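K.L.:
First, the structure itself, so that you have it in front of you.
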Amino acid sequence: MRLRSTRHWLLVTSALILAVGLQSCAVNPATGQPNLVLMSESRELEIGQEEHEKVLASMRVLEDQRVNEYVSEVGQRVAQGSHRNDLEYTFTVIDSPEINAFALPGGYVYINRGLLLYLKSEDELAAVLAHEVGHITARHAIQQQARGRLGNAAATVGGVVAAVATGSGYIGSELAQIGSIWAAAGVSGFGRDNELEADSLGAEYLYNAGYNPRAMIDVLSVLKNQEDFNVRVAQRQPTYHGLFTTHPRNDVRLQQAVAQAGNLPDDEARESDHAVFRSHMDGLLFGENTSVASDRNRYYQDLMSYTMVFPDNWSVSDTTTTVLARSPGGGASIGVEAQRLRENKEPRLYIRENLGITDLQRSEPLSQYRLLGHTGVHTNADGHQERIAVFYLGPRVFVIRAEIEESEMSEDLESLLFSSIRTFRPIQTNERSASNGLRVRYVQVTQGFDWGALAAASPVTQYPEQTLRLLNGYYPIGTPESGEWIKILQ
């Protein structure tokens, strides 16, 4: 009787292992290769719907219905040429100045208003959306979940790479508090191989939709220029964190991936009307949308070029080099202080040697928005528990002290303080004009055009010439020809 039971248990167990193995090694619908996944497609669709609702609840959608419909029209055209054209795709424009795009499982694609501003054609718009569709068709997020890496992506949502997986632009700080590890993973990127695969699939989908597959390289070049500018302005050394270490036009693997999509014959290429693209982009807001009420307690320190979000309803006071936010009841505070970085050392050693904190607990490195840092918890001189964090930004060290004036730091309060610290980042170029309400306008270039003269008349106060060059795809050099349409800011 025991032998029969043992045999029966072995048969059942073997069947379960086989069933799990078949699901774990499901064939990738986009590549035809076996992939490790632990989720059915029906569950994938459920997760997509659930996470989409979280995105809509925490991020503003652009109110311009005409732009939303145009982006959706282009996206649907691309999606129909994909390997999973049976999915019901949803394309959403997020009203954020940050240069970003990401996707959720099951057919949900998002692109920020800030990224739209830097695109030059419908083909480039299609390329961004096609890349994100490639992540969905190849089930990259599902693969990450199966490998147990999804939580890691969420933990680094402060910044490794931008979605479009180019290593360009900064990760949307809204996602630091979105509460969706799936959205966080999409923004953080899926590693060089998966990002290259998304570009290869995206180029194929562009071809199928009648767009020029080379637009994939064009849009990556636009974003790479944005990255180079941010690194130069912030005085930080570039590090490997994205799809390529070289410029996209010199990246051999990327060139090969795009070339495999093929070259469209002239009679099959879609003739995108640039006037249509311009008509939809003309008038888009440049910078933060300050006309929409928000309960986000975001603080900007223009002199030190950083920003962060403090907990809602906390009071904020500042000086030229410090800021202090206090909870309504006064039982907790977050302070930021800038110090001069005088020697090159690890942030962890800076805490120990320069700040004199030797009892650091829960010590861990921080890497967010391309800033190096370190954090941990200790008991300060007043006997209070304090989370300390330092970040290197340009020639300065920023020291953040989150103090609890209670005997113990509760888990919820600790999470609130850490979430605020995770929002610390440099101010982006297009945020510097937030209060001006600047909008993109198109004009035609005349004979004798000069970037310097245009910049001198521009209302942009910080890096006007570089900003205008980036907007028009002429960074760091180049001049448009007479009669060409360019974007200005008014």
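Each chain in the structure tokens gets a letter, A, B, ..., in the order shown, and its residues are numbered from 1; ligands are numbered from 1 in order too.
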Pick out the residues sitting within 10 Å of Gln447 in chain A, and hand them over as JSON, numbers by chain; count only C-alpha atoms, and ignore anything fewer than 6 positions along from it in its own chain.
P.N.:
{"A": [480, 481, 482, 483]}
K.L.:
Quick one: write out the picked residues with all heavy atoms as a short mmCIF file (atom, residue, chain, number, x, y, z; two decimals), in the first residue's frame?
P.N.:
```
data_model
loop_
_atom_site.label_atom_id
_atom_site.label_comp_id
_atom_site.auth_asym_id
_atom_site.auth_seq_id
_atom_site.Cartn_x
_atom_site.Cartn_y
_atom_site.Cartn_z
N PRO A 480 20.64 74.17 -39.90
CA PRO A 480 19.59 73.84 -40.87
C PRO A 480 19.72 74.68 -42.14
O PRO A 480 20.29 75.78 -42.12
CB PRO A 480 18.31 74.18 -40.11
CG PRO A 480 18.72 75.22 -39.11
CD PRO A 480 20.12 74.87 -38.72
N GLU A 481 19.19 74.15 -43.21
CA GLU A 481 19.22 74.87 -44.48
C GLU A 481 18.04 75.83 -44.57
O GLU A 481 17.03 75.67 -43.88
CB GLU A 481 19.18 73.87 -45.65
CG GLU A 481 20.39 72.94 -45.70
CD GLU A 481 20.31 71.99 -46.88
OE1 GLU A 481 19.29 72.04 -47.61
OE2 GLU A 481 21.27 71.19 -47.06
N SER A 482 18.18 76.81 -45.42
CA SER A 482 17.13 77.80 -45.62
C SER A 482 15.85 77.10 -46.06
O SER A 482 15.86 76.23 -46.94
CB SER A 482 17.56 78.82 -46.68
OG SER A 482 16.54 79.77 -46.89
N GLY A 483 14.73 77.44 -45.43
CA GLY A 483 13.43 76.85 -45.74
C GLY A 483 13.06 75.69 -44.85
O GLY A 483 11.91 75.25 -44.83
#
```
K.L.:
If you count only C-alpha atoms, which residues fall within 10 Å of range 204-206 of chain A, apart from same-chain ones fewer than 2 positions away, as a PyMOL selection string?
P.N.:
chain A and resi 77-83+123-124+126-127+129-131+133-134+198-202+208-216+257-262+264
K.L.:
From the list A:His280, A:Arg401, A:Arg298, A:Arg43, which residue is nearest Thr423 in chain A when using only C-alpha atoms?
P.N.:
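Checking each of A:His280, A:Arg401, A:Arg298, A:Arg43 against Thr423 in chain A, counting only C-alpha atoms, the winner is A:Arg298.
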K.L.:
Which of these residues is nearest to Ile421 in chain A, using only C-alpha atoms: A:Pro464, A:Pro395, A:Gly452, A:Gly373?
P.N.:
A:Gly373
K.L.:
As an NGL selection string, please: the residues near Gly478 in chain A (cut-off 10 Å, only C-alpha atoms, same-chain neighbours under 3 positions excluded).
P.N.:
:A and (451 or 469 or 473-475 or 481)
K.L.:
Using the selection just defined, write its residues with N, CA and C atoms as a PDB file, in the first residue's frame.
P.N.:
```pdb
ATOM      1  N   TRP A 451      22.478  80.060 -34.896  1.00  0.00           N
ATOM      2  CA  TRP A 451      21.988  79.543 -33.626  1.00  0.00           C
ATOM      3  C   TRP A 451      22.212  80.538 -32.491  1.00  0.00           C
ATOM      4  N   ARG A 469      19.361  73.466 -29.980  1.00  0.00           N
ATOM      5  CA  ARG A 469      20.006  72.471 -30.844  1.00  0.00           C
ATOM      6  C   ARG A 469      19.466  71.067 -30.553  1.00  0.00           C
ATOM      7  N   GLY A 473      17.675  68.487 -33.183  1.00  0.00           N
ATOM      8  CA  GLY A 473      18.554  67.441 -33.707  1.00  0.00           C
ATOM      9  C   GLY A 473      19.847  67.959 -34.288  1.00  0.00           C
ATOM     10  N   TYR A 474      20.311  69.133 -33.842  1.00  0.00           N
ATOM     11  CA  TYR A 474      21.564  69.704 -34.319  1.00  0.00           C
ATOM     12  C   TYR A 474      22.557  69.886 -33.179  1.00  0.00           C
ATOM     13  N   TYR A 475      22.544  68.944 -32.251  1.00  0.00           N
ATOM     14  CA  TYR A 475      23.494  69.007 -31.146  1.00  0.00           C
ATOM     15  C   TYR A 475      24.601  67.989 -31.398  1.00  0.00           C
ATOM     16  N   GLU A 481      19.194  74.153 -43.213  1.00  0.00           N
ATOM     17  CA  GLU A 481      19.217  74.870 -44.478  1.00  0.00           C
ATOM     18  C   GLU A 481      18.044  75.827 -44.571  1.00  0.00           C
TER      19      GLU A 481
END
```
K.L.:
Just to confirm, what's the straight-line distance from CA of Ser333 in chain A to CA of Ala381 in chain A in Å (one decimal)?
P.N.:
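So the two atoms, CA of Ser333 in chain A and CA of Ala381 in chain A, lie 15.2 Å apart.
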K.L.:
Run DSSP on the backbone of this structure and report the residues of range 198-390 of chain A it assigns to strand (DSSP E), as a ChimeraX atom specification.
P.N.:
/A:297-301,306-310,315-318,322-326,332-340,361-368,371-379,385-390
K.L.:
With N, CA and C atoms retained, write the just-selected residues as a compact mmCIF listing (two decimals), in the first residue's frame.
P.N.:
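For reference, result.txt as written:
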```txt
# COMPACT_ATOMS: atom_id res chain seq x y z
N ASN A 297 4.71 67.40 -3.12
CA ASN A 297 5.47 68.41 -2.40
C ASN A 297 6.90 68.44 -2.95
N ARG A 298 7.02 68.81 -4.24
CA ARG A 298 8.33 68.83 -4.89
C ARG A 298 9.06 70.13 -4.60
N TYR A 299 10.33 69.98 -4.25
CA TYR A 299 11.17 71.13 -3.93
C TYR A 299 12.26 71.29 -5.00
N TYR A 300 12.47 72.52 -5.47
CA TYR A 300 13.52 72.82 -6.44
C TYR A 300 14.56 73.72 -5.80
N GLN A 301 15.83 73.35 -5.90
CA GLN A 301 16.94 74.19 -5.44
C GLN A 301 17.73 74.59 -6.70
N TYR A 306 19.34 70.86 -7.90
CA TYR A 306 18.74 69.57 -7.56
C TYR A 306 17.27 69.76 -7.19
N THR A 307 16.55 68.66 -7.19
CA THR A 307 15.15 68.65 -6.81
C THR A 307 14.85 67.34 -6.10
N MET A 308 13.83 67.36 -5.23
CA MET A 308 13.37 66.14 -4.59
C MET A 308 11.95 66.35 -4.10
N VAL A 309 11.27 65.25 -3.80
CA VAL A 309 9.89 65.31 -3.34
C VAL A 309 9.85 64.98 -1.85
N PHE A 310 9.33 65.91 -1.05
CA PHE A 310 9.13 65.65 0.37
C PHE A 310 7.73 65.10 0.60
N SER A 315 6.08 70.85 6.01
CA SER A 315 6.53 72.23 5.82
C SER A 315 7.98 72.23 5.36
N VAL A 316 8.34 73.20 4.51
CA VAL A 316 9.68 73.26 3.94
C VAL A 316 10.26 74.66 4.14
N SER A 317 11.47 74.75 4.67
CA SER A 317 12.20 76.01 4.81
C SER A 317 13.61 75.79 4.28
N ASP A 318 14.21 76.85 3.70
CA ASP A 318 15.53 76.65 3.11
C ASP A 318 16.40 77.89 3.23
N THR A 322 21.00 74.87 2.27
CA THR A 322 20.33 73.82 3.03
C THR A 322 18.82 73.90 2.83
N VAL A 323 18.15 72.80 3.15
CA VAL A 323 16.69 72.77 3.16
C VAL A 323 16.27 71.82 4.28
N LEU A 324 15.16 72.16 4.96
CA LEU A 324 14.65 71.33 6.03
C LEU A 324 13.15 71.17 5.86
N ALA A 325 12.70 69.92 5.80
CA ALA A 325 11.28 69.60 5.73
C ALA A 325 10.88 68.91 7.02
N ARG A 326 9.74 69.35 7.61
CA ARG A 326 9.29 68.78 8.87
C ARG A 326 7.87 68.26 8.74
N ALA A 332 9.23 64.18 12.87
CA ALA A 332 10.20 63.68 11.90
C ALA A 332 10.62 64.84 11.00
N SER A 333 11.82 64.73 10.45
CA SER A 333 12.32 65.77 9.56
C SER A 333 13.28 65.18 8.54
N ILE A 334 13.43 65.90 7.43
CA ILE A 334 14.40 65.54 6.40
C ILE A 334 15.19 66.80 6.07
N GLY A 335 16.50 66.76 6.26
CA GLY A 335 17.35 67.90 5.97
C GLY A 335 18.35 67.58 4.88
N VAL A 336 18.64 68.56 4.03
CA VAL A 336 19.62 68.40 2.96
C VAL A 336 20.66 69.50 3.10
N GLU A 337 21.93 69.12 3.03
CA GLU A 337 23.03 70.08 3.14
C GLU A 337 24.04 69.80 2.04
N ALA A 338 24.56 70.86 1.42
CA ALA A 338 25.57 70.73 0.38
C ALA A 338 26.96 70.98 0.95
N GLN A 339 27.91 70.08 0.62
CA GLN A 339 29.29 70.24 1.05
C GLN A 339 30.20 70.12 -0.18
N ARG A 340 31.35 70.74 -0.12
CA ARG A 340 32.30 70.66 -1.22
C ARG A 340 33.00 69.30 -1.23
N GLN A 361 24.10 51.12 10.24
CA GLN A 361 23.41 49.86 10.10
C GLN A 361 22.62 49.86 8.78
N ARG A 362 22.27 48.68 8.30
CA ARG A 362 21.54 48.55 7.02
C ARG A 362 22.22 49.38 5.92
N SER A 363 23.52 49.29 5.91
CA SER A 363 24.33 50.05 4.97
C SER A 363 24.18 49.49 3.56
N GLU A 364 23.97 50.37 2.59
CA GLU A 364 23.84 49.91 1.20
C GLU A 364 24.17 51.04 0.23
N PRO A 365 24.75 50.71 -0.91
CA PRO A 365 25.05 51.74 -1.93
C PRO A 365 23.76 52.20 -2.61
N LEU A 366 23.78 53.43 -3.12
CA LEU A 366 22.66 53.97 -3.87
C LEU A 366 23.14 54.35 -5.27
N SER A 367 22.32 54.07 -6.27
CA SER A 367 22.62 54.47 -7.64
C SER A 367 21.31 54.92 -8.26
N GLN A 368 21.09 56.23 -8.29
CA GLN A 368 19.83 56.72 -8.82
C GLN A 368 20.06 57.98 -9.65
N LEU A 371 23.46 59.12 -10.21
CA LEU A 371 24.22 59.67 -9.10
C LEU A 371 24.74 58.53 -8.23
N LEU A 372 25.99 58.63 -7.82
CA LEU A 372 26.53 57.66 -6.89
C LEU A 372 26.23 58.11 -5.47
N GLY A 373 25.88 57.16 -4.61
CA GLY A 373 25.56 57.51 -3.24
C GLY A 373 25.63 56.32 -2.32
N HIS A 374 25.29 56.56 -1.06
CA HIS A 374 25.28 55.50 -0.07
C HIS A 374 24.30 55.91 1.03
N THR A 375 23.74 54.93 1.71
CA THR A 375 22.78 55.21 2.77
C THR A 375 22.86 54.15 3.86
N GLY A 376 22.28 54.49 5.00
CA GLY A 376 22.21 53.57 6.12
C GLY A 376 21.51 54.25 7.28
N VAL A 377 21.31 53.51 8.35
CA VAL A 377 20.61 54.01 9.53
C VAL A 377 21.57 54.00 10.72
N HIS A 378 21.50 55.04 11.55
CA HIS A 378 22.35 55.09 12.75
C HIS A 378 21.63 55.92 13.82
N THR A 379 22.22 55.98 15.00
CA THR A 379 21.71 56.81 16.09
C THR A 379 22.56 58.08 16.14
N GLN A 385 16.97 58.06 16.01
CA GLN A 385 17.28 57.25 14.84
C GLN A 385 17.27 58.14 13.61
N GLU A 386 18.22 57.89 12.74
CA GLU A 386 18.38 58.75 11.58
C GLU A 386 18.85 57.93 10.38
N ARG A 387 18.16 58.13 9.25
CA ARG A 387 18.67 57.56 8.00
C ARG A 387 19.52 58.62 7.33
N ILE A 388 20.76 58.26 7.09
CA ILE A 388 21.70 59.18 6.45
C ILE A 388 21.92 58.73 5.00
N ALA A 389 22.03 59.68 4.11
CA ALA A 389 22.33 59.36 2.71
C ALA A 389 23.21 60.46 2.15
N VAL A 390 24.16 60.08 1.30
CA VAL A 390 24.98 61.07 0.61
C VAL A 390 24.94 60.78 -0.88
```
K.L.:
For CA of Asp228 in chain A and CA of Pro476 in chain A, determine how far apart the two atoms are, in Å to one decimal place.
P.N.:
9.4 Å
K.L.:
To one decimal place, how far is CA of Lys54 in chain A from CA of Val109 in chain A in Å?
P.N.:
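It comes out at 13.7 Å.
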K.L.:
Would you pick out the contacts of Gln490 in chain A at 7 Å or less, using only C-alpha atoms, so that residues sharing its chain but fewer than 6 positions from it are not included, and give the list as a PyMOL selection string?
P.N.:
chain A and resi 438-441+459
K.L.:
Excluding range 46-48 of chain A and its own-chain neighbours fewer than 5 positions away, which residues fall within 7 Å of it when counting only C-alpha atoms? Please give them as a list of chain:residue names.
P.N.:
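The neighbour list is A:Leu104, A:Pro105, A:Gly106, A:Tyr108.
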K.L.:
Any chance you could export the current selection's N, CA, C and O atoms as a PDB file, in the first residue's frame?
P.N.:
```
ATOM      1  N   LEU A 104       4.049  48.275 -20.171  1.00  0.00           N
ATOM      2  CA  LEU A 104       3.606  47.269 -19.214  1.00  0.00           C
ATOM      3  C   LEU A 104       3.201  46.010 -19.961  1.00  0.00           C
ATOM      4  O   LEU A 104       2.854  46.073 -21.149  1.00  0.00           O
ATOM      5  N   PRO A 105       3.214  44.867 -19.306  1.00  0.00           N
ATOM      6  CA  PRO A 105       2.790  43.635 -19.963  1.00  0.00           C
ATOM      7  C   PRO A 105       1.350  43.745 -20.478  1.00  0.00           C
ATOM      8  O   PRO A 105       0.534  44.492 -19.936  1.00  0.00           O
ATOM      9  N   GLY A 106       1.059  43.026 -21.514  1.00  0.00           N
ATOM     10  CA  GLY A 106      -0.316  42.930 -21.987  1.00  0.00           C
ATOM     11  C   GLY A 106      -0.734  43.986 -22.987  1.00  0.00           C
ATOM     12  O   GLY A 106      -1.896  44.014 -23.404  1.00  0.00           O
ATOM     13  N   TYR A 108       0.286  47.722 -22.936  1.00  0.00           N
ATOM     14  CA  TYR A 108       0.175  49.111 -22.476  1.00  0.00           C
ATOM     15  C   TYR A 108       1.496  49.847 -22.703  1.00  0.00           C
ATOM     16  O   TYR A 108       2.549  49.432 -22.191  1.00  0.00           O
TER      17      TYR A 108
END
```
K.L.:
Please return as an mmCIF file with N, CA and C atoms, in the first residue's frame: the residues of range 269-456 of chain A that backbone DSSP assigns to alpha helix (DSSP H).
P.N.:
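The resulting file, result.cif, is shown below:
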```
data_model
loop_
_atom_site.group_PDB
_atom_site.id
_atom_site.type_symbol
_atom_site.label_atom_id
_atom_site.label_comp_id
_atom_site.auth_asym_id
_atom_site.auth_seq_id
_atom_site.Cartn_x
_atom_site.Cartn_y
_atom_site.Cartn_z
ATOM 1 N N HIS A 274 5.199 65.489 -42.843
ATOM 2 C CA HIS A 274 5.829 66.194 -41.728
ATOM 3 C C HIS A 274 4.957 67.337 -41.222
ATOM 4 N N ALA A 275 4.123 67.888 -42.110
ATOM 5 C CA ALA A 275 3.227 68.964 -41.687
ATOM 6 C C ALA A 275 2.220 68.444 -40.672
ATOM 7 N N VAL A 276 1.786 67.191 -40.826
ATOM 8 C CA VAL A 276 0.846 66.591 -39.872
ATOM 9 C C VAL A 276 1.523 66.423 -38.514
ATOM 10 N N PHE A 277 2.755 65.924 -38.527
ATOM 11 C CA PHE A 277 3.488 65.764 -37.271
ATOM 12 C C PHE A 277 3.679 67.115 -36.591
ATOM 13 N N ARG A 278 4.092 68.120 -37.363
ATOM 14 C CA ARG A 278 4.306 69.450 -36.786
ATOM 15 C C ARG A 278 3.020 70.020 -36.204
ATOM 16 N N SER A 279 1.912 69.786 -36.880
ATOM 17 C CA SER A 279 0.641 70.359 -36.402
ATOM 18 C C SER A 279 0.247 69.796 -35.047
ATOM 19 N N HIS A 280 0.641 68.558 -34.777
ATOM 20 C CA HIS A 280 0.297 67.949 -33.490
ATOM 21 C C HIS A 280 1.285 68.331 -32.388
ATOM 22 N N MET A 281 2.536 68.581 -32.744
ATOM 23 C CA MET A 281 3.540 68.939 -31.751
ATOM 24 C C MET A 281 3.544 70.442 -31.456
ATOM 25 N N PRO A 347 31.328 56.966 -1.548
ATOM 26 C CA PRO A 347 30.347 57.609 -0.657
ATOM 27 C C PRO A 347 30.280 56.954 0.719
ATOM 28 N N ARG A 348 30.466 55.642 0.752
ATOM 29 C CA ARG A 348 30.439 54.933 2.037
ATOM 30 C C ARG A 348 31.548 55.442 2.953
ATOM 31 N N LEU A 349 32.718 55.659 2.376
ATOM 32 C CA LEU A 349 33.840 56.163 3.180
ATOM 33 C C LEU A 349 33.632 57.618 3.560
ATOM 34 N N GLU A 411 8.144 50.890 10.494
ATOM 35 C CA GLU A 411 8.396 50.453 9.123
ATOM 36 C C GLU A 411 7.756 51.405 8.112
ATOM 37 N N ASP A 412 6.534 51.868 8.409
ATOM 38 C CA ASP A 412 5.850 52.768 7.480
ATOM 39 C C ASP A 412 6.569 54.106 7.371
ATOM 40 N N LEU A 413 7.011 54.645 8.501
ATOM 41 C CA LEU A 413 7.698 55.928 8.486
ATOM 42 C C LEU A 413 9.062 55.794 7.820
ATOM 43 N N GLU A 414 9.739 54.703 8.093
ATOM 44 C CA GLU A 414 11.027 54.444 7.443
ATOM 45 C C GLU A 414 10.863 54.386 5.930
ATOM 46 N N SER A 415 9.811 53.715 5.473
ATOM 47 C CA SER A 415 9.545 53.615 4.042
ATOM 48 C C SER A 415 9.252 54.990 3.446
ATOM 49 N N LEU A 416 8.499 55.822 4.177
ATOM 50 C CA LEU A 416 8.171 57.169 3.705
ATOM 51 C C LEU A 416 9.435 58.012 3.540
ATOM 52 N N LEU A 417 10.326 57.956 4.526
ATOM 53 C CA LEU A 417 11.563 58.736 4.474
ATOM 54 C C LEU A 417 12.471 58.258 3.342
ATOM 55 N N PHE A 418 12.580 56.947 3.207
ATOM 56 C CA PHE A 418 13.455 56.395 2.166
ATOM 57 C C PHE A 418 12.907 56.734 0.779
ATOM 58 N N SER A 419 11.568 56.687 0.634
ATOM 59 C CA SER A 419 10.959 57.030 -0.659
ATOM 60 C C SER A 419 11.284 58.471 -1.039
ATOM 61 N N SER A 420 11.277 59.363 -0.066
ATOM 62 C CA SER A 420 11.614 60.754 -0.337
ATOM 63 C C SER A 420 13.073 60.888 -0.763
ATOM 64 N N ILE A 421 13.965 60.197 -0.067
ATOM 65 C CA ILE A 421 15.385 60.225 -0.433
ATOM 66 C C ILE A 421 15.589 59.724 -1.846
ATOM 67 N N TRP A 451 22.478 80.060 -34.896
ATOM 68 C CA TRP A 451 21.988 79.543 -33.626
ATOM 69 C C TRP A 451 22.212 80.538 -32.491
ATOM 70 N N GLY A 452 23.361 81.190 -32.515
ATOM 71 C CA GLY A 452 23.666 82.140 -31.452
ATOM 72 C C GLY A 452 22.670 83.279 -31.385
ATOM 73 N N ALA A 453 22.292 83.797 -32.561
ATOM 74 C CA ALA A 453 21.330 84.902 -32.604
ATOM 75 C C ALA A 453 19.966 84.439 -32.113
ATOM 76 N N LEU A 454 19.572 83.213 -32.511
ATOM 77 C CA LEU A 454 18.281 82.680 -32.056
ATOM 78 C C LEU A 454 18.298 82.486 -30.545
ATOM 79 N N ALA A 455 19.411 81.981 -30.019
ATOM 80 C CA ALA A 455 19.520 81.743 -28.575
ATOM 81 C C ALA A 455 19.471 83.053 -27.800
ATOM 82 N N ALA A 456 20.074 84.101 -28.356
ATOM 83 C CA ALA A 456 20.094 85.390 -27.665
ATOM 84 C C ALA A 456 18.696 85.968 -27.508
#
```
K.L.:
Quick one: of A:Ala203, A:Leu468, A:Val93, A:Val460, who's nearest to Gln256 in chain A, counting only C-alpha atoms?
P.N.:
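Distance minimum relative to Gln256 in chain A lands on A:Ala203.
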K.L.:
List the neighbours of Tyr110 in chain A out to 12 Å using only C-alpha atoms; skip same-chain residues closer than 2 positions along the sequence, and give me the result as a count of residues only.
P.N.:
46
K.L.:
Any idea what's packed within 9 Å of Ile486 in chain A, counting only C-alpha atoms, ignoring anything in its chain fewer than 6 positions away? Could you give it as a list in words?
P.N.:
Arg441, Tyr442, Val443, Gln444, Val445, Leu471, Asn472 and Pro480 of chain A
